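Structure first, commentary second.
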Amino acid sequence: MGSFIRVLVCVHMFMLFHFFACLSSHHSCHSKESSALLHFINTELSFDTDFSYEDDCPQLFPKTSTWRNGTDCCSWMGVTCHSVSGHVIGLDLSCSILKGKIHPNSTLFQLTHLQTLNLALNNISGPELPSQFGRFVSLTHLNLSDCDFKGEIPSQISHLSKLQSLDLSWNDGLIWKEITWKRMLQNATGLREIILDGANMSSITTTFSNWSFSLVTLSLVHTGIRGHLTSHILCLPNLYELYLSENQNIQVHVPKLNCSTSLNFLDLSWCQIPRSQIPPSFSNLTHLTYLDLSYNTFTSPIPSFFSNLQHLTHLDLSFNEFSGSIPSFLSNLQHLTHLDLSYNRFNGQFPKVIGQLTKLQTLILAGNNLGGKLLLSSLANLTQISQLDCSHNKFQGPLL
C-alpha cells in the first residue's frame with residue numbers, strides 16, 4: 001500500500017509534463033477508441049494496491065490515472081496515435097499497477113489499428129489468453145510478460161504475420177502446441193525477438209533450423225522444448241542473444257561452424273547436456289561477451305580454444321566436471337569481469353593467471369581441489385574485485 005501511495009504523488013507532475021509535450025499535436029482521438037480505452041481501464045481493470053512488481057519495474061507509475069473522459073486520448077500517457085489518421089496505434093500500460101481479467105468481449109479488441117501492445121508486469125489474466133488477440137493483424141510488438149495468463153496459446157496468434165517482437169514470458173501457465181508454434185514461425189517471418197521463458201513447450205520438438213534470418217534475440221528459458229541445437233541457428237546472421245537454459249531435452253550437435261556469427265550472449269546452463277566436451281566449433285563464436293555453461297556435465301580440462309574468445313566479460317563454467325589445473329591461456333580473456341569455475345574438479349595451487357585478469361569484479365572458485373597457500377600478493381592486481389569465494393578447497397593456512 002505504501003508504494004502505491006508514493007507513486008501517486010507524481011501523477012500531477014507527469015500530467016503537467018505530458019500536457020505541454022502534446023500541445024503541438026495536430027491529431028485527435030477517435031471517439032469510439034477513446035470510449036473503448038476508458039471502458040477497458042475503468043470497468044475491466046482496476047488499480048492493484050497489493051502490487052508486487054516494484055523490483056522489476058524501473059519506472060513504476062499508474063499511467064491510466066491521467067486519463068480523463070472528454071480529453072483527447074492521443075494525449076493520454078501510454079497511448080500513441082497515428083500522426084495523420086488519429087487512430088490508436090500504440091498502447092503501453094506496462095508497470096501501471098493494474099489488475100483484472102481480459103475476456104473475449106473486452107473493449108481492448110476494438111482497437112483494431114494497434115501496432116504495439118505492452119501490458120507487461122501487471123496482475124492481468126485471462127482466465128486464458130483470448131483468441132481475439134489474433135485480430136490485431138497490424139501488431140509488430142506484443143508484450144504480455146509477467147502477467148497471469150494460462151491455458152493453451154490460441155492458434156489465432158499465428159495470424160500476427162507482421163510481428164517483430166513477441167514476449168509472453170513468465171506467465172507460467174501458457175501452453176504451446178506444435179502446430180501453433182510452427183504456423184507462427186511460418187507466418188511471422190520478420191520476427192526479431194522471441195521471449196517465451198517459462199511457457200510450456202514440452203510437446204514441441206524443433207531442429208532449431210526454421211528460424212527467420214531477422215532473428216536477433218531468442219529466449220526459451222525453462223520451456224521444456226526438445227531438439228538439437230545445430231550450426232544453423234548459431235549462424236543466423238543477426239542473432240545476438242540465445243538463451244536456452246533450464247531445458248534438459250536439448251542436444252548440442254555442432255561439429256562445424258563454417259560461418260561468421262554475430263552471437264554475443266549464449267546461455268546453455270542447467271541443460272544437463274550429456275557428459276561430453278565443449279564442441280570445438282564454439283571456438284568460432286569470437287564475438288561472445290557472455291557465456292554460461294554451468295550445471296551441465298562437461299568433462300576434461302577447459303579446452304584451449306577458449307583463448308580465442310577474447311571479448312568475454314562473463315564466463316560461468318560452474319557445476320560441471322572439468323578437471324586438471326586452471327589453464328594459463330585464460331590470461332587472454334582480459335575483459336573478464338565475472339569468472340565462476342566453482343564446483344568442478346580443478347586441482348593444483350591458486351592459479352597465477354587469475355592475477356592477470358585485472359578487470360575481475362566477481363571470482364568464484366569454491367568447491368574444487370585447489371591447494372597450497374593462498375597468497376595475498378596473487379590477488380593484489382584485482383583492484384575491482386567485489387565478490388571472492390575460494391571456500392571448500394584445500395588451501396592451507398591463513399591468507400598471507
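Starting from 1 in every chain, residues are counted up; chains themselves are A, B, ... following the order of the C-alpha cells, and ligands are numbered from 1 as listed.
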Item to check | Test item: residues at most 12 Å from region 303-311 of chain A, only C-alpha atoms, excluding those fewer than 3 positions along its chain, as a PyMOL selection string | outcome: chain A and resi 263-265+276-291+298-300+314-315+317+322-337+357
Please report as a Markdown table every residue of region 120-177 of chain A lying within 6 Å of region 198-219 of chain A, along with the nearest atom pair and their distance in Å (one decimal), using only C-alpha atoms.
```
| residue | atom | partner | partner_atom | distance |
| --- | --- | --- | --- | --- |
| A:Ser169 | CA | A:Gly198 | CA | 5.9 |
| A:Trp170 | CA | A:Gly198 | CA | 4.8 |
| A:Asp172 | CA | A:Gly198 | CA | 5.4 |
| A:Leu174 | CA | A:Ala199 | CA | 5.2 |
| A:Ile175 | CA | A:Asn200 | CA | 4.6 |
| A:Trp176 | CA | A:Met201 | CA | 5.3 |
```
Please dump the current selection as a PDB file, in the first residue's frame; keep C-alpha atoms.
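As written to disk, part.pdb reads:
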```pdb
ATOM      1  CA  SER A 169       7.451 -14.861 -20.810  1.00  0.00           C
ATOM      2  CA  TRP A 170       6.765 -15.841 -17.212  1.00  0.00           C
ATOM      3  CA  ASP A 172       3.753 -19.840 -16.010  1.00  0.00           C
ATOM      4  CA  LEU A 174       0.785 -20.846 -21.057  1.00  0.00           C
ATOM      5  CA  ILE A 175       1.000 -23.954 -23.235  1.00  0.00           C
ATOM      6  CA  TRP A 176       2.263 -24.039 -26.815  1.00  0.00           C
TER       7      TRP A 176
END
```
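Atom pair CA of Tyr243 (chain A) / CA of Leu60 (chain A) has a distance of 27.0 Å (rounded to one decimal).
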With only C-alpha atoms as the counted atoms, please give the residues lying no more than 8 Å from Leu98 (chain A), apart from itself and same-chain residues fewer than 5 positions off, as a CSV table (one decimal) with all heavy atoms, in the first residue's frame.
```csv
chain,number,residue,atom,x,y,z
A,45,LEU,N,-10.5,-3.3,-15.6
A,45,LEU,CA,-9.2,-3.3,-14.8
A,45,LEU,C,-9.4,-2.4,-13.7
A,45,LEU,O,-10.3,-1.5,-13.7
A,45,LEU,CB,-8.0,-2.9,-15.7
A,45,LEU,CG,-7.7,-3.7,-16.9
A,45,LEU,CD1,-6.5,-3.2,-17.6
A,45,LEU,CD2,-7.5,-5.2,-16.6
A,46,SER,N,-8.5,-2.5,-12.7
A,46,SER,CA,-8.5,-1.5,-11.6
A,46,SER,C,-7.1,-1.4,-11.0
A,46,SER,O,-6.2,-2.2,-11.4
A,46,SER,CB,-9.5,-2.0,-10.5
A,46,SER,OG,-9.1,-3.3,-10.0
A,47,PHE,N,-6.9,-0.5,-10.1
A,47,PHE,CA,-5.5,-0.3,-9.6
A,47,PHE,C,-5.3,-1.4,-8.5
A,47,PHE,O,-6.2,-1.8,-7.8
A,47,PHE,CB,-5.4,1.0,-8.9
A,47,PHE,CG,-5.2,2.2,-9.9
A,47,PHE,CD1,-6.2,3.2,-9.9
A,47,PHE,CD2,-4.1,2.2,-10.8
A,47,PHE,CE1,-6.0,4.2,-10.9
A,47,PHE,CE2,-4.0,3.2,-11.7
A,47,PHE,CZ,-4.9,4.2,-11.7
A,48,ASP,N,-4.1,-1.9,-8.5
A,48,ASP,CA,-3.7,-3.0,-7.6
A,48,ASP,C,-3.0,-2.5,-6.4
A,48,ASP,O,-1.8,-2.2,-6.5
A,48,ASP,CB,-2.9,-4.0,-8.4
A,48,ASP,CG,-2.6,-5.3,-7.6
A,48,ASP,OD1,-3.0,-5.4,-6.5
A,48,ASP,OD2,-1.9,-6.2,-8.2
A,51,PHE,N,0.2,-4.5,-5.4
A,51,PHE,CA,1.2,-4.6,-6.5
A,51,PHE,C,2.5,-5.2,-6.0
A,51,PHE,O,3.0,-4.7,-5.0
A,51,PHE,CB,1.4,-3.3,-7.2
A,51,PHE,CG,2.0,-3.3,-8.5
A,51,PHE,CD1,1.4,-3.7,-9.6
A,51,PHE,CD2,3.4,-3.0,-8.6
A,51,PHE,CE1,2.0,-3.8,-10.9
A,51,PHE,CE2,4.0,-3.0,-9.8
A,51,PHE,CZ,3.3,-3.4,-11.0
A,62,PRO,N,1.2,4.7,-12.3
A,62,PRO,CA,-0.2,4.4,-12.8
A,62,PRO,C,-0.6,5.3,-13.9
A,62,PRO,O,-1.3,6.3,-13.7
A,62,PRO,CB,-1.0,4.6,-11.5
A,62,PRO,CG,-0.2,5.7,-10.8
A,62,PRO,CD,1.2,5.4,-11.0
A,122,ASN,N,1.9,-6.5,-14.9
A,122,ASN,CA,0.6,-6.2,-14.2
A,122,ASN,C,0.0,-7.5,-13.8
A,122,ASN,O,0.3,-8.5,-14.4
A,122,ASN,CB,-0.3,-5.4,-15.1
A,122,ASN,CG,0.2,-4.0,-15.4
A,122,ASN,OD1,0.2,-3.1,-14.5
A,122,ASN,ND2,0.6,-3.7,-16.6
A,123,ASN,N,-0.9,-7.4,-12.9
A,123,ASN,CA,-1.7,-8.6,-12.5
A,123,ASN,C,-2.9,-8.8,-13.3
A,123,ASN,O,-4.0,-8.7,-12.9
A,123,ASN,CB,-2.0,-8.5,-11.0
A,123,ASN,CG,-0.8,-8.7,-10.1
A,123,ASN,OD1,0.0,-9.5,-10.4
A,123,ASN,ND2,-0.8,-8.0,-9.0
A,124,ILE,N,-2.6,-9.0,-14.6
A,124,ILE,CA,-3.7,-9.1,-15.6
A,124,ILE,C,-3.7,-10.6,-16.1
A,124,ILE,O,-2.7,-11.2,-16.3
A,124,ILE,CB,-3.5,-8.2,-16.8
A,124,ILE,CG1,-3.5,-6.7,-16.4
A,124,ILE,CG2,-4.5,-8.4,-17.9
A,124,ILE,CD1,-3.2,-5.7,-17.5
```
Next on the checklist: I need the residue nearest Thr107 (chain A) from this list: A:Leu38, A:Leu293, A:Ile354, A:Leu220. Use only C-alpha atoms for the distance.
Outcome noted: A:Leu38
Next on the checklist: I want to know what sits within 7 Å of Leu142 (chain A), based on only C-alpha atoms, with residues of the same chain fewer than 5 positions away left out; could you give that as a ChimeraX atom specification?
Outcome noted: /A:116-118,165-167
Next on the checklist: Based on the backbone DSSP call, show me all residues of region 241-279 of chain A assigned strand (DSSP E or B), as a list in words.
Outcome noted: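 Reading the DSSP output for region 241-279 of chain A, strand (DSSP E or B) covers Glu241, Leu242, Tyr243, Ile250, Gln251, Val252, Phe265, Leu266, Asp267 and Ser276 of chain A.
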